[in-house]
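Novice: The structure under discussion is supplied below as structure tokens; questions concerning it will follow.
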Amino acid sequence: MFQLKNVTRQFGKKIAVNSVTFDIPQGQMVGIIGRSGAGKSTLLRMINRLNDVSSGSIHFGDLEVSSLRGAALRRWQRDCAMIFQQFNLVPRLDVLTNVLLGRLNHRSTVLSILNMFTREERIMAIGALERLGIEQTALQPAGTLSGGQQQRVAIARALMQQPKMLLADEPIASLDPLNAKIVMDALRDINERDGITVVTNLHTLDTARNYCERIIGMAHGRVVFDGQPRDLTAAAVAEIYGGGAQIEESMTSTSISIPAAQDNQKSAGVKPLALAGL
Ligand SMILES: Nc1ncnc2c1ncn2[C@@H]1O[C@H](COP(=O)(O)OP(=O)(O)OP(=O)(O)O)[C@@H](O)[C@H]1O
Ligand SMILES: [Mg+2]
């Protein structure tokens with residue numbers, strides 16, 4: 001069981017996450033939604049300790065995640081893999097090496113620097129690429145792949161960590177609808193077949209509804225909704241995205257057609273959809 005207890009994060013006077021409390025049973029697939037600035041990324045970053053909490057605590061079973069230091073902290077960051085909107089690959093390194101980098105926390109830095117990955121690790125990496133359907137790209141520089149392929153490489157790298165939990169911060173925000181579906185299907189498969197807890201920030205309601213058994217809605221740093229997709233009524237959606245906003249499900253759909261001007265933004269990695277500016 002994973003637990004957040006009154007977790008708060010301030011940046012100066014700004015309260016990014018405000019006294020958030022919830023539990024996640026092992027193996028759940030959870031979507032976090034909310035308008036820009038609601039605190040979604042900060043919440044994920046505290047879970048894998050890219051950000052520290054200002055107050056409150058985070059627990060995984062008996063482990064107090066929020067106070068880990070040194071080797072124990074690195075072990076947690078291995079157990080709790082994270083993928084990002086911008087993939088965070090090393091573009092000039094080939095795909096296979098990028099995936100093998102997921103093993104870094106499992107071995108000594110010296111061996112890693114010498115690039116001495118074992119035969120077993122290489123076989124495991126190829127297996128991960130095969131699972132994601134991109135084994136044919138293994139020897140290409142990662143930067144030459146399409147966005148959808150790069151995100152699949154990032155997922156393969158995360159799998160190499162053999163994580164207990166997979167965090168994804170807007171994993172499909174830079175992708176076209178087909179690639180978005182491939183990536184979300186991959187996350188679902190990892191959740192269902194491997195029993196790995198998946199927590200993903202999403203900026204499209206329909207994706208959260210389609211893929212997540214549980215949706216957490218955030219507004220102004222607080223949790224304002226926590227339930228199943230069927231409980232997410234129009235009133236709940238209005239509370240999450242702002243009372244006065246005329247929110248329609250279609251506005252937040254990945255399948256809407258994107259005008260040419262926004263398309264340019266999209267390729268530059270900017271969130272393309274209407275909600276990004278809310
Ligand atoms: N490193 C930081 N320094 C100062 N303020 C920050 C920092 N990180 C986040 N914030 C602020 O905290 C609030 C929450 O930010 P966060 O990135 O968590 O929101 P978000 O829900 O992920 O938004 P988006 O949908 O745009 O990604 C925002 O007001 C943001 O400006
Ligand atoms: Mg964010």
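Labeling convention for the structure tokens: chains A, B, ... as they appear, residues from 1 per chain, ligands from 1 in order of appearance.
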I'd like the contact shell of range 229-242 of chain A - 6 Å cut-off, only C-alpha atoms, skipping same-chain residues fewer than 4 positions apart - returned as a list in words.
Specialist: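 My list of contacting residues is Gly34, Arg35, Arg209, Gly217 and Ala219 of chain A.
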Novice: Looking only at the backbone, which of the residues in range 111-260 of chain A does DSSP tag as helix (DSSP H, G or I), as number ranges by chain?
Specialist: A: 111-113, 119-131, 135-137, 142-144, 147-160, 177-194, 205-211, 229-231, 234-241, 249-252, 260
Novice: Of the candidates A:Ser57, A:Thr197, A:Thr97, A:Asn18, which shows the shortest atom-to-atom distance to Ala38 in chain A, using only C-alpha atoms?
Specialist: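 For Ala38 in chain A, the nearest of the candidates is A:Asn18.
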Novice: Just want the residues within 7 Å of ligand 1, written as number ranges by chain, counting only C-alpha atoms and all ligand atoms.
Specialist: A: 11, 14-17, 34-43, 203, 221, 276
Novice: Please produce an output containing C-alpha atoms for each residue in the selection, written as a PDB file, in the first residue's frame.
Specialist:
```
ATOM      1  CA  PHE A  11       7.748  27.170  -3.422  1.00  0.00           C
ATOM      2  CA  LYS A  14       3.213  29.575  -3.492  1.00  0.00           C
ATOM      3  CA  ILE A  15       1.529  26.433  -2.187  1.00  0.00           C
ATOM      4  CA  ALA A  16       1.813  24.001  -5.111  1.00  0.00           C
ATOM      5  CA  VAL A  17       0.379  20.972  -3.286  1.00  0.00           C
ATOM      6  CA  GLY A  34      -6.530  19.144 -13.294  1.00  0.00           C
ATOM      7  CA  ARG A  35      -5.848  22.425 -15.008  1.00  0.00           C
ATOM      8  CA  SER A  36      -2.386  23.833 -15.571  1.00  0.00           C
ATOM      9  CA  GLY A  37      -0.724  24.757 -12.276  1.00  0.00           C
ATOM     10  CA  ALA A  38      -3.004  22.521 -10.170  1.00  0.00           C
ATOM     11  CA  GLY A  39       0.015  20.746  -8.702  1.00  0.00           C
ATOM     12  CA  LYS A  40      -0.009  17.465 -10.658  1.00  0.00           C
ATOM     13  CA  SER A  41       3.672  17.416 -11.596  1.00  0.00           C
ATOM     14  CA  THR A  42       4.784  18.555  -8.164  1.00  0.00           C
ATOM     15  CA  LEU A  43       2.794  15.701  -6.636  1.00  0.00           C
ATOM     16  CA  HIS A 203      -4.520  16.487 -19.624  1.00  0.00           C
ATOM     17  CA  GLY A 221      -3.009  22.071  -4.998  1.00  0.00           C
ATOM     18  CA  ALA A 276      -3.361  23.523 -21.534  1.00  0.00           C
TER      19      ALA A 276
END
```
Novice: Name all residues at most 8 Å from range 61-72 of chain A (count only C-alpha atoms; drop same-chain ones fewer than 2 positions away) and give them as a ChimeraX atom specification.
Specialist: /A:1-2,46-47,49,52-53,57-59,74-76
Novice: A:Ala125, A:Val90, A:Leu178, A:Ala168: which is nearest ligand 2, counting only C-alpha atoms and all ligand atoms?
Specialist: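 With only C-alpha atoms and all ligand atoms as the atom set, the closest residue is A:Ala168.
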Novice: Which of range 27-234 of chain A end up as strand (DSSP E) when DSSP is run on this backbone - answer as a count of residues only?
Specialist: 40
Novice: Have a look at CA of Gln149 in chain A and CA of Glu170 in chain A and let me know their distance in Å, one decimal.
Specialist: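 Here the two named atoms are 15.6 Å from each other.
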Novice: What is the distance, in Å and to one decimal place, between CA of Leu44 in chain A and CA of Met165 in chain A?
Specialist: 11.4 Å
Novice: A:Ala138, A:Ala128, A:Ile33, A:Ile182: which is nearest ligand 2, counting only C-alpha atoms and all ligand atoms?
Specialist: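 With only C-alpha atoms and all ligand atoms as the atom set, the closest residue is A:Ile33.
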Novice: Name the closest residue to Phe87 in chain A among the candidates A:Gln151, A:Asn191, A:Asn6, A:Asn51; distances are taken between atoms, counting only C-alpha atoms.
Specialist: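 Of A:Gln151, A:Asn191, A:Asn6, A:Asn51, the one nearest Phe87 in chain A, counting only C-alpha atoms, is A:Gln151.
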Novice: What's around Leu187 in chain A at 9 Å? Count only C-alpha atoms, leave out sequence neighbours fewer than 2 positions away in its own chain, and write the answer as a ChimeraX atom specification.
Specialist: /A:29,155,166,182-185,189-192,198
Novice: Do a neighbour search on Arg152 in chain A at 7 Å with only C-alpha atoms, toss out local chain neighbours closer than 4 positions, and write the hits as number ranges by chain.
Specialist: A: 132, 148, 156, 183
Novice: Tell me, as JSON, numbers by chain, which residues lie within 8 Å of Leu167 in chain A, counting only C-alpha atoms; anything in the same chain fewer than 5 positions away does not count.
Specialist: {"A": [44, 80, 81, 82, 83, 198, 199, 200]}
